[in-house]
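Asks: So here's start.txt, just compact mmCIF, C-alpha atoms and all ligand atoms:
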# COMPACT_ATOMS: atom_id res chain seq x y z
CA MET A 1 5.50 15.06 -100.22
CA ALA A 2 7.64 12.60 -98.32
CA ASP A 3 8.56 10.85 -101.55
CA GLN A 4 10.16 14.04 -102.78
CA ILE A 5 12.13 14.90 -99.66
CA LYS A 6 15.55 15.95 -100.78
CA GLY A 7 18.78 15.28 -99.01
CA ASP A 8 17.47 12.40 -96.90
CA PRO A 9 20.57 10.21 -96.80
CA HIS A 10 18.45 7.12 -96.30
CA THR A 11 16.51 7.51 -99.50
CA ALA A 12 18.95 9.32 -101.73
CA SER A 13 21.49 7.23 -103.59
CA PRO A 14 24.89 8.39 -102.38
CA GLY A 15 26.12 10.38 -105.34
CA VAL A 16 29.58 11.92 -105.18
CA GLY A 17 28.37 15.28 -103.93
CA GLN A 18 26.08 13.71 -101.38
CA VAL A 19 28.75 11.55 -99.78
CA ALA A 20 30.60 14.69 -98.74
CA TRP A 21 27.36 16.16 -97.42
CA VAL A 22 26.55 13.00 -95.44
CA ASN A 23 30.03 12.86 -93.99
CA GLU A 24 29.88 16.46 -92.90
CA MET A 25 26.51 16.33 -91.25
CA THR A 26 26.06 16.39 -87.50
CA ARG A 27 23.74 13.56 -86.62
CA LYS A 28 21.33 14.27 -83.80
CA ARG A 29 20.38 10.70 -83.10
CA GLN A 30 17.66 10.75 -80.47
CA SER A 31 15.31 8.26 -78.99
CA GLY A 32 12.98 7.17 -81.74
CA PRO A 33 11.38 3.88 -82.51
CA SER A 34 12.80 2.63 -79.23
CA LEU A 35 11.41 5.68 -77.41
CA ARG A 36 9.47 4.81 -74.27
CA LEU A 37 6.06 5.86 -75.53
CA SER A 38 4.44 4.10 -72.60
CA GLY A 39 5.59 6.66 -70.05
CA HIS A 40 6.70 3.88 -67.70
CA GLY A 41 10.30 5.02 -68.08
CA ASP A 42 13.00 2.77 -66.72
CA ALA A 43 10.54 0.86 -64.54
CA GLN A 44 10.01 -1.62 -67.35
CA ALA A 45 13.65 -2.79 -67.15
CA GLY A 46 12.86 -5.16 -64.26
CA TRP A 47 9.48 -6.40 -65.46
CA GLN A 48 8.60 -10.00 -66.26
CA SER A 49 7.37 -10.86 -69.75
CA SER A 50 3.65 -10.93 -68.79
CA THR A 51 3.93 -7.36 -67.47
CA ILE A 52 6.01 -6.22 -70.44
CA ALA A 53 3.40 -7.71 -72.79
CA VAL A 54 0.64 -5.62 -71.23
CA HIS A 55 2.43 -2.32 -70.61
CA ALA A 56 5.55 -1.83 -72.75
CA GLY A 57 4.95 0.52 -75.67
CA THR A 58 1.26 0.97 -74.90
CA HIS A 59 0.62 4.66 -75.14
CA ASP A 60 -2.35 6.01 -73.19
CA ASP A 61 -3.94 8.80 -75.19
CA PRO A 62 -2.56 12.09 -73.77
CA THR A 63 -5.52 14.12 -75.05
CA THR A 64 -8.48 12.14 -73.71
CA GLY A 65 -6.83 9.88 -71.13
CA ALA A 66 -8.16 6.82 -72.95
CA VAL A 67 -6.34 3.68 -71.82
CA GLY A 68 -4.46 2.10 -74.69
CA THR A 69 -2.72 3.27 -77.84
CA PRO A 70 -4.93 5.25 -80.21
CA ILE A 71 -4.91 4.18 -83.87
CA TYR A 72 -3.02 6.92 -85.69
CA GLN A 73 -4.75 6.24 -89.00
CA THR A 74 -2.90 8.80 -91.04
CA SER A 75 -0.59 8.61 -94.00
CA THR A 76 1.25 11.83 -93.23
CA PHE A 77 2.11 14.35 -90.50
CA ILE A 78 2.21 18.13 -90.27
CA LEU A 79 5.74 19.34 -90.97
CA GLY A 80 7.35 21.87 -88.63
CA ASP A 81 10.87 23.04 -87.90
CA ASP A 82 11.70 19.88 -85.96
CA GLN A 83 10.65 17.58 -88.80
CA TYR A 84 12.42 19.65 -91.46
CA GLN A 85 15.55 19.59 -89.35
CA ALA A 86 15.31 15.80 -88.91
CA VAL A 87 15.10 15.40 -92.68
CA GLU A 88 17.93 17.83 -93.34
CA GLU A 89 20.21 16.31 -90.72
CA GLY A 90 19.47 12.65 -91.41
CA TYR A 91 17.47 11.42 -88.44
CA ALA A 92 14.10 11.17 -90.16
CA ARG A 93 13.62 7.70 -88.66
CA ASP A 94 13.23 9.47 -85.30
CA ARG A 95 10.40 11.80 -86.27
CA PHE A 96 6.89 11.37 -87.66
CA ILE A 97 6.95 12.56 -91.26
CA TYR A 98 5.13 10.02 -93.39
CA THR A 99 3.67 6.65 -92.37
CA ARG A 100 6.03 4.59 -94.54
CA TYR A 101 8.83 6.26 -92.56
CA GLY A 102 7.20 5.84 -89.16
CA ASN A 103 3.91 6.27 -87.30
CA PRO A 104 3.06 6.31 -83.55
CA SER A 105 1.01 3.11 -83.96
CA GLN A 106 4.09 1.42 -85.43
CA TRP A 107 6.34 2.82 -82.69
CA ALA A 108 4.03 1.56 -79.94
CA VAL A 109 3.99 -2.01 -81.22
CA GLN A 110 7.69 -1.85 -82.08
CA GLU A 111 8.46 -0.86 -78.51
CA LYS A 112 6.38 -3.70 -77.10
CA LEU A 113 7.98 -6.23 -79.45
CA ALA A 114 11.50 -4.95 -78.71
CA ALA A 115 10.85 -5.10 -74.95
CA LEU A 116 9.58 -8.69 -75.22
CA GLU A 117 12.57 -9.72 -77.35
CA GLY A 118 15.14 -7.83 -75.25
CA ALA A 119 16.12 -5.84 -78.36
CA GLU A 120 17.19 -2.23 -78.58
CA SER A 121 15.19 -1.53 -81.72
CA ALA A 122 12.48 -3.02 -83.92
CA ILE A 123 10.83 -2.32 -87.26
CA VAL A 124 7.44 -3.78 -88.13
CA PHE A 125 6.59 -4.77 -91.70
CA SER A 126 3.53 -5.65 -93.72
CA SER A 127 4.46 -9.38 -93.64
CA GLY A 128 7.09 -11.74 -92.33
CA MET A 129 8.50 -12.00 -95.85
CA ALA A 130 8.79 -8.19 -96.09
CA ALA A 131 10.81 -8.25 -92.83
CA ILE A 132 13.01 -11.11 -94.05
CA SER A 133 13.75 -9.67 -97.50
CA ALA A 134 14.53 -6.17 -96.18
CA THR A 135 16.75 -7.64 -93.43
CA VAL A 136 18.69 -10.00 -95.68
CA LEU A 137 19.23 -7.36 -98.36
CA SER A 138 20.51 -4.91 -95.76
CA MET A 139 23.24 -7.34 -94.76
CA LEU A 140 24.82 -8.31 -98.08
CA ASP A 141 27.45 -6.53 -100.12
CA LYS A 142 27.81 -7.11 -103.85
CA GLY A 143 28.68 -10.74 -104.66
CA ALA A 144 28.12 -12.01 -101.10
CA HIS A 145 27.47 -15.62 -100.15
CA VAL A 146 24.92 -16.86 -97.59
CA VAL A 147 24.91 -20.10 -95.59
CA ALA A 148 21.32 -21.07 -94.81
CA SER A 149 19.31 -23.97 -93.43
CA ASN A 150 18.19 -26.61 -95.94
CA GLU A 151 14.84 -26.75 -94.11
CA LEU A 152 13.76 -23.13 -94.48
CA TYR A 153 10.18 -21.92 -94.60
CA GLY A 154 9.18 -22.20 -98.31
CA GLY A 155 8.73 -18.45 -98.88
CA THR A 156 12.22 -17.76 -97.53
CA TYR A 157 13.62 -20.58 -99.66
CA ASN A 158 12.00 -19.00 -102.74
CA LEU A 159 13.57 -15.65 -101.89
CA PHE A 160 16.98 -17.28 -101.43
CA HIS A 161 16.73 -19.66 -104.37
CA HIS A 162 15.16 -17.38 -106.99
CA GLU A 163 15.67 -13.75 -106.01
CA LEU A 164 19.10 -13.66 -104.34
CA PRO A 165 20.96 -15.34 -107.25
CA SER A 166 19.36 -12.94 -109.74
CA LEU A 167 20.82 -10.09 -107.64
CA GLY A 168 24.31 -11.66 -107.78
CA PHE A 169 24.28 -13.37 -104.36
CA SER A 170 24.88 -17.09 -103.82
CA VAL A 171 23.48 -19.40 -101.14
CA SER A 172 24.63 -22.77 -99.74
CA TYR A 173 22.01 -24.86 -97.95
CA VAL A 174 23.10 -27.03 -95.05
CA ASN A 175 21.56 -29.31 -92.46
CA PRO A 176 20.83 -26.90 -89.56
CA ARG A 177 21.80 -29.60 -87.02
CA ASP A 178 25.21 -30.34 -88.62
CA LEU A 179 27.61 -27.75 -87.20
CA ALA A 180 30.62 -29.17 -89.04
CA ALA A 181 28.79 -28.92 -92.38
CA ILE A 182 27.77 -25.34 -91.60
CA GLU A 183 31.35 -24.36 -90.86
CA ALA A 184 32.60 -26.20 -93.95
CA ALA A 185 30.13 -24.28 -96.14
CA ILE A 186 31.64 -20.91 -95.20
CA GLN A 187 33.53 -19.31 -98.10
CA PRO A 188 35.79 -16.23 -98.23
CA ASN A 189 32.83 -14.15 -99.50
CA THR A 190 30.31 -15.51 -96.94
CA MET A 191 28.65 -12.64 -95.10
CA LEU A 192 25.54 -14.13 -93.53
CA LEU A 193 24.30 -17.18 -91.62
CA TYR A 194 20.49 -17.52 -91.84
CA PHE A 195 18.62 -20.11 -89.75
CA GLU A 196 15.26 -20.77 -88.10
CA THR A 197 15.03 -21.72 -84.41
CA VAL A 198 12.87 -24.79 -85.01
CA THR A 199 12.30 -26.50 -88.36
CA ASN A 200 9.01 -26.99 -90.17
CA PRO A 201 7.30 -29.47 -90.05
CA LEU A 202 9.48 -31.86 -88.00
CA LEU A 203 10.30 -29.46 -85.13
CA LYS A 204 14.02 -30.13 -85.08
CA VAL A 205 15.57 -27.73 -82.58
CA VAL A 206 18.46 -25.69 -83.96
CA ASP A 207 21.44 -25.01 -81.70
CA VAL A 208 21.30 -21.22 -82.01
CA PRO A 209 24.10 -20.55 -79.43
CA ALA A 210 26.47 -22.86 -81.35
CA LEU A 211 25.62 -21.06 -84.60
CA GLY A 212 26.20 -17.74 -82.83
CA GLN A 213 29.68 -18.93 -81.92
CA ILE A 214 30.40 -19.93 -85.54
CA ALA A 215 29.19 -16.51 -86.71
CA ALA A 216 31.44 -14.76 -84.16
CA ARG A 217 34.46 -16.93 -85.03
CA HIS A 218 34.12 -16.16 -88.76
CA LYS A 219 32.96 -12.55 -88.27
CA LEU A 220 29.68 -13.25 -90.08
CA ARG A 221 26.29 -11.66 -89.67
CA PHE A 222 23.73 -13.98 -88.16
CA VAL A 223 19.98 -13.69 -88.69
CA VAL A 224 17.50 -15.99 -86.94
CA ASP A 225 13.84 -16.49 -87.83
CA ALA A 226 12.23 -17.21 -84.44
CA THR A 227 8.61 -17.37 -85.65
CA PHE A 228 8.04 -20.88 -84.25
CA THR A 229 9.52 -20.17 -80.81
CA THR A 230 8.45 -16.52 -80.19
CA PRO A 231 10.18 -14.29 -77.60
CA LEU A 232 8.55 -16.48 -74.93
CA GLY A 233 10.58 -19.49 -76.09
CA MET A 234 14.02 -18.10 -76.85
CA HIS A 235 15.92 -14.83 -77.25
CA PRO A 236 18.32 -15.46 -80.17
CA LEU A 237 19.93 -12.04 -79.64
CA GLU A 238 21.33 -13.38 -76.35
CA HIS A 239 22.94 -16.22 -78.29
CA GLY A 240 24.88 -14.23 -80.86
CA ALA A 241 22.20 -13.38 -83.45
CA HIS A 242 22.49 -9.86 -84.84
CA VAL A 243 18.90 -9.63 -86.02
CA VAL A 244 15.88 -11.75 -85.13
CA VAL A 245 12.92 -11.81 -87.51
CA HIS A 246 9.39 -13.07 -86.91
CA SER A 247 6.30 -13.54 -88.96
CA CYS A 248 3.92 -11.70 -86.58
CA THR A 249 1.12 -13.31 -88.60
CA LYS A 250 1.62 -16.39 -86.43
CA TYR A 251 1.87 -16.56 -82.61
CA LEU A 252 2.69 -12.88 -82.04
CA ASN A 253 -0.67 -11.79 -83.38
CA GLY A 254 -2.21 -15.15 -82.63
CA HIS A 255 -5.73 -14.56 -83.96
CA SER A 256 -5.29 -15.41 -87.67
CA ASP A 257 -6.62 -11.99 -88.64
CA LEU A 258 -3.62 -10.07 -89.97
CA VAL A 259 -0.33 -10.44 -91.81
CA ALA A 260 2.76 -8.71 -90.37
CA GLY A 261 6.47 -9.13 -89.68
CA VAL A 262 9.20 -7.64 -87.51
CA ALA A 263 13.00 -7.34 -87.49
CA MET A 264 14.71 -6.67 -84.13
CA GLY A 265 18.21 -6.16 -82.83
CA ALA A 266 20.71 -3.51 -81.85
CA ARG A 267 19.96 -0.16 -83.39
CA LYS A 268 23.18 -0.31 -85.43
CA HIS A 269 21.82 -3.43 -87.18
CA ILE A 270 18.23 -2.23 -87.46
CA ASP A 271 18.99 1.26 -88.82
CA PRO A 272 20.36 -0.12 -92.13
CA ILE A 273 17.15 -2.16 -92.56
CA TRP A 274 15.00 0.98 -92.42
CA PRO A 275 16.02 2.37 -95.87
CA ARG A 276 15.07 -1.06 -97.33
CA LEU A 277 11.65 -0.71 -95.71
CA LEU A 278 11.38 2.67 -97.43
CA ALA A 279 12.61 1.31 -100.77
CA PHE A 280 10.64 -1.96 -100.88
CA GLY A 281 7.65 -0.36 -99.24
CA GLY A 282 6.46 -3.06 -96.84
CA CYS A 283 5.30 -0.77 -94.01
CA LEU A 284 2.62 -1.93 -91.59
CA ASP A 285 -0.72 -0.12 -91.64
CA PRO A 286 -1.64 1.66 -88.36
CA HIS A 287 -4.81 -0.38 -87.90
CA ALA A 288 -2.86 -3.63 -88.19
CA CYS A 289 -0.36 -2.21 -85.68
CA PHE A 290 -3.21 -1.64 -83.24
CA LEU A 291 -4.49 -5.20 -83.67
CA LEU A 292 -0.99 -6.63 -83.25
CA GLU A 293 -0.23 -4.53 -80.18
CA ARG A 294 -3.52 -5.53 -78.58
CA SER A 295 -2.86 -9.21 -79.34
CA LEU A 296 0.63 -9.09 -77.85
CA LYS A 297 -0.84 -8.25 -74.45
CA THR A 298 -1.99 -11.87 -74.16
CA LEU A 299 1.03 -13.53 -75.81
CA PRO A 300 2.42 -15.03 -72.56
CA LEU A 301 -1.01 -16.41 -71.61
CA ARG A 302 -1.56 -17.80 -75.09
CA MET A 303 1.89 -19.39 -75.32
CA ARG A 304 1.35 -21.19 -72.03
CA ALA A 305 -1.97 -22.55 -73.29
CA HIS A 306 -0.49 -23.54 -76.70
CA ALA A 307 2.36 -25.45 -75.04
CA GLU A 308 0.16 -27.16 -72.43
CA GLY A 309 -2.36 -28.18 -75.10
CA ALA A 310 0.34 -29.41 -77.49
CA GLN A 311 2.00 -31.47 -74.75
CA ALA A 312 -1.31 -33.16 -73.88
CA VAL A 313 -2.20 -33.79 -77.54
CA ALA A 314 1.30 -35.12 -78.36
CA GLU A 315 1.21 -37.50 -75.38
CA TYR A 316 -2.20 -38.76 -76.49
CA LEU A 317 -1.07 -39.26 -80.10
CA GLN A 318 1.99 -41.18 -78.93
CA THR A 319 -0.22 -43.84 -77.35
CA HIS A 320 -2.55 -44.26 -80.35
CA PRO A 321 -2.06 -47.48 -82.37
CA LYS A 322 -2.84 -45.77 -85.70
CA VAL A 323 -0.17 -43.10 -85.19
CA ARG A 324 3.26 -44.18 -86.44
CA GLU A 325 5.37 -41.29 -85.17
CA VAL A 326 4.97 -38.04 -83.23
CA HIS A 327 7.32 -35.05 -83.31
CA TYR A 328 7.04 -32.58 -80.45
CA PRO A 329 10.11 -31.16 -78.65
CA GLY A 330 8.36 -31.49 -75.29
CA LEU A 331 8.23 -35.31 -75.60
CA PRO A 332 11.14 -37.00 -73.79
CA ASP A 333 11.83 -39.24 -76.79
CA HIS A 334 11.98 -36.37 -79.32
CA ALA A 335 15.50 -36.45 -80.80
CA ASP A 336 16.19 -32.88 -79.64
CA HIS A 337 14.39 -32.99 -76.29
CA ALA A 338 17.53 -32.31 -74.23
CA LEU A 339 18.51 -29.38 -76.46
CA ALA A 340 14.93 -28.08 -76.35
CA LYS A 341 14.94 -28.21 -72.54
CA ARG A 342 18.23 -26.29 -72.49
CA LEU A 343 17.23 -23.64 -75.04
CA LEU A 344 13.47 -23.21 -74.94
CA SER A 345 11.41 -21.81 -72.10
CA ASN A 346 8.23 -22.68 -74.00
CA MET A 347 7.94 -25.72 -76.28
CA GLY A 348 5.32 -24.08 -78.52
CA GLY A 349 2.17 -25.45 -80.05
CA MET A 350 3.41 -27.19 -83.21
CA ILE A 351 3.22 -30.98 -83.58
CA ALA A 352 3.91 -33.24 -86.56
CA PHE A 353 2.63 -36.81 -86.56
CA ALA A 354 2.20 -39.54 -89.15
CA VAL A 355 -0.56 -42.01 -89.89
CA GLU A 356 -0.28 -44.90 -92.36
CA SER A 357 -0.33 -42.98 -95.67
CA ASP A 358 -1.14 -39.64 -97.30
CA ALA A 359 -4.57 -41.05 -98.22
CA ALA A 360 -5.22 -41.93 -94.56
CA ALA A 361 -4.06 -38.46 -93.51
CA LEU A 362 -6.50 -36.87 -95.96
CA LYS A 363 -9.31 -39.07 -94.62
CA LEU A 364 -8.46 -38.08 -91.05
CA LEU A 365 -8.50 -34.37 -91.91
CA ASN A 366 -11.87 -34.66 -93.58
CA SER A 367 -13.38 -36.33 -90.54
CA LEU A 368 -12.29 -33.69 -88.00
CA HIS A 369 -15.09 -31.49 -86.61
CA LEU A 370 -13.28 -29.00 -84.39
CA MET A 371 -9.86 -28.55 -86.00
CA ARG A 372 -9.82 -26.40 -89.13
CA GLN A 373 -7.95 -27.38 -92.29
CA ALA A 374 -5.83 -24.36 -93.11
CA THR A 375 -2.26 -23.38 -93.71
CA SER A 376 -0.54 -20.95 -91.27
CA LEU A 377 -0.07 -21.49 -87.55
CA GLY A 378 0.01 -19.85 -84.15
CA GLY A 379 -3.64 -18.81 -83.94
CA VAL A 380 -5.97 -19.42 -81.00
CA GLU A 381 -7.81 -22.00 -83.11
CA THR A 382 -6.21 -25.38 -83.89
CA LEU A 383 -5.22 -25.65 -87.54
CA VAL A 384 -4.28 -28.82 -89.34
CA SER A 385 -2.55 -29.30 -92.70
CA LEU A 386 -0.63 -31.87 -94.69
CA PRO A 387 2.92 -31.04 -95.81
CA PHE A 388 2.48 -33.24 -98.91
CA ASN A 389 -0.22 -30.98 -100.42
CA THR A 390 0.76 -27.64 -98.86
CA SER A 391 4.24 -26.58 -97.66
CA HIS A 392 6.11 -29.46 -99.34
CA ALA A 393 3.89 -30.02 -102.39
CA ALA A 394 6.74 -29.04 -104.73
CA TYR A 395 8.83 -32.00 -103.50
CA THR A 396 8.50 -35.59 -104.78
CA ALA A 397 7.44 -38.27 -102.29
CA ASP A 398 11.01 -39.54 -102.35
CA GLN A 399 12.46 -36.08 -101.59
CA ARG A 400 10.00 -35.68 -98.72
CA THR A 401 11.05 -39.02 -97.28
CA ARG A 402 14.71 -37.99 -97.52
CA LEU A 403 13.85 -34.82 -95.56
CA GLY A 404 12.32 -37.10 -92.92
CA ILE A 405 8.72 -36.23 -93.84
CA ALA A 406 7.06 -39.65 -93.76
CA PRO A 407 4.02 -40.48 -95.92
CA GLY A 408 0.93 -39.67 -93.87
CA CYS A 409 2.62 -36.73 -92.12
CA ILE A 410 0.19 -34.24 -90.56
CA ARG A 411 1.06 -30.82 -89.13
CA LEU A 412 -0.96 -29.56 -86.19
CA SER A 413 -0.88 -26.01 -84.90
CA VAL A 414 -2.46 -26.56 -81.50
CA GLY A 415 -4.65 -23.62 -80.48
CA ILE A 416 -5.76 -22.61 -77.01
CA GLU A 417 -8.93 -24.72 -76.86
CA ASP A 418 -9.38 -27.22 -74.04
CA PRO A 419 -7.00 -30.09 -74.92
CA ARG A 420 -9.71 -32.62 -73.94
CA ASP A 421 -11.87 -31.36 -76.82
CA LEU A 422 -8.92 -31.51 -79.25
CA ILE A 423 -8.13 -35.06 -78.16
CA SER A 424 -11.72 -36.23 -78.57
CA ASP A 425 -11.82 -34.68 -82.08
CA LEU A 426 -8.61 -36.54 -82.98
CA ALA A 427 -9.94 -39.74 -81.36
CA GLN A 428 -13.07 -39.76 -83.50
CA GLY A 429 -11.03 -38.87 -86.60
CA LEU A 430 -8.48 -41.63 -86.00
CA ALA A 431 -11.32 -44.11 -85.35
CA SER A 432 -12.47 -43.52 -88.95
CA LEU A 433 -9.20 -44.91 -90.36
C1 LIG A 501 8.98 -19.65 -90.15
C2 LIG A 501 8.29 -18.65 -91.03
N1 LIG A 501 8.95 -17.54 -91.39
C3 LIG A 501 8.38 -16.61 -92.18
C4 LIG A 501 7.10 -16.78 -92.68
C5 LIG A 501 6.51 -15.74 -93.59
O1 LIG A 501 5.60 -14.95 -92.90
P1 LIG A 501 4.42 -14.12 -93.61
O2 LIG A 501 3.44 -15.12 -94.14
O3 LIG A 501 3.90 -13.27 -92.50
O4 LIG A 501 5.04 -13.32 -94.71
C6 LIG A 501 6.37 -17.93 -92.33
C7 LIG A 501 5.01 -18.14 -92.85
O5 LIG A 501 4.44 -19.19 -92.74
C8 LIG A 501 6.99 -18.88 -91.48
O6 LIG A 501 6.36 -20.02 -91.12
What's the structure tokens form of this structure?
Ligand SMILES: Cc1ncc(COP(=O)(O)O)c(C=O)c1O
Replies:
Amino acid sequence: MADQIKGDPHTASPGVGQVAWVNEMTRKRQSGPSLRLSGHGDAQAGWQSSTIAVHAGTHDDPTTGAVGTPIYQTSTFILGDDQYQAVEEGYARDRFIYTRYGNPSQWAVQEKLAALEGAESAIVFSSGMAAISATVLSMLDKGAHVVASNELYGGTYNLFHHELPSLGFSVSYVNPRDLAAIEAAIQPNTMLLYFETVTNPLLKVVDVPALGQIAARHKLRFVVDATFTTPLGMHPLEHGAHVVVHSCTKYLNGHSDLVAGVAMGARKHIDPIWPRLLAFGGCLDPHACFLLERSLKTLPLRMRAHAEGAQAVAEYLQTHPKVREVHYPGLPDHADHALAKRLLSNMGGMIAFAVESDAAALKLLNSLHLMRQATSLGGVETLVSLPFNTSHAAYTADQRTRLGIAPGCIRLSVGIEDPRDLISDLAQGLASL
């Protein structure tokens, strides 16, 4: 049914006749995905993040009084005059019509995420990559050029390197810490700056406010992937970003049991992303929305535990004779420590460190009892992986060294376990080398 809705300006390609119709229509834009489902009204404006995490968006069931958002496990909704009118007049994003268009479970988690991020509007997606691809493609006109970090998450790099050129877009990759190089890479057809808040795996901190100023000076759109820092670490929208994206698969969900993404920003930037969600189809299932919303209630608690654990583990690793280098922004001798202290209110749970060689790193991983060998990050359980055979396997050893990834580099996503147990697991593993 929803697939065949006629006259929806978001899904119809703007043919000649339709453009006139769209221009003539009276838009009744009303509160929608940023609607206060929670019933707390304006009270939430003054709340701290721990309170927002628990209450914003959460929608107590009006029928039974059950505390917490019900799972609206439905693909479609009964159509009445209001819904027909929303479709006819072009505000279908603000009504429940079909779950790819919107669903109360999505709205609830969108509202919580937007409140945590300080954003006006949010759209959740079926993965971080679905959020990133829909966002980027909503921001580029034909033939546009993008300036992006040369240390992007691999999936984003693949999108930029393989998919964007085949659609007629071009991308320049620059060192995210070199502001002069970023400015020099801007061309007359540049439309977008795309950066991550903290790089993987070496945890270089990116000067998001400085990039925001470059974007403003050159009238460019600016998208920031803040997966590593979360809304508890930084609010890129306050520093000039137009849209912030996250892989919710990581810290936001935090339990390694779902895959999801989100794009957030002012409604004028998020509305154009919505038709790409409809076209590419990456909507988030209501049950996953429920899990994500429930997980977000403990995000501030979890982020505190991740950062405290990571600080303790990093300090321990720094003193160990078999560890050659440790990268954690919370360490005073991390190259970006001063910037991290200025920009980040939570240093996160990611650490990179290096032992003697890739062979030694493999041996260490295989002798760990508590930490799990797995890719991904941000879960309550500590995960450990090696860039050389996971995220950076496509690079040669020489290329990895040039990126600063030393042989023997190990990536730790510190969970929320007691740091003393993590340290004793590492101690027995390092003793085997
Ligand atoms: C920084 C960053 N952005 C985006 C993604 C993609 O997220 P997803 O796996 O949810 O599609 C990842 C995944 O590892 C990531 O680390």
Asks: Let me make sure I understand: among A:Val244, A:Leu203, A:Ile182, A:Leu291, which one has the smallest atom-to-atom distance to Met347 in chain A if we use only C-alpha atoms?
Replies: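 That would be A:Leu203, the residue with the smallest distance to Met347 in chain A.
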Asks: What is the CA of Tyr194 in chain A to CA of Gly57 in chain A distance in Å?
Replies: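 Rounded to one decimal, the two atoms are 28.8 Å apart.
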Asks: Please identify every residue of range 130-219 of chain A that has at least one atom no farther than 12 Å from an atom of range 368-378 of chain A, counting all atoms listed in the file, and for each give the shortest atom pair and the distance in Å to one decimal, arranged by chain then increasing number, as JSON lines.
Replies:
{"residue": "A:Tyr153", "atom": "CA", "partner": "A:Ser376", "partner_atom": "CA", "distance": 11.3}
{"residue": "A:Asn200", "atom": "CA", "partner": "A:Leu377", "partner_atom": "CA", "distance": 10.9}
{"residue": "A:Pro201", "atom": "CA", "partner": "A:Leu377", "partner_atom": "CA", "distance": 11.1}
Asks: Please identify all protein, DNA and RNA residues within 9 Å of ligand LIG 501 (chain A), counting only C-alpha atoms and all ligand atoms, and report them as an NGL selection string.
Replies: :A and (125-132 or 152-156 or 196-200 or 225-228 or 245-250 or 258-261 or 375-377 or 391)
Asks: Could you state the separation of CA of Pro272 in chain A and CA of Glu183 in chain A in Å, given to one decimal place?
Replies: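 Interatomic distance here is 26.6 Å.
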Asks: Can you list, as a ChimeraX atom specification, every protein, DNA or RNA residue that comes within 12 Å of Tyr251 in chain A when you count all atoms listed in the file, leaving out same-chain residues fewer than 3 positions away?
Replies: /A:226-233,246-248,254-261,292,295-307,348-350,376-381,413-416
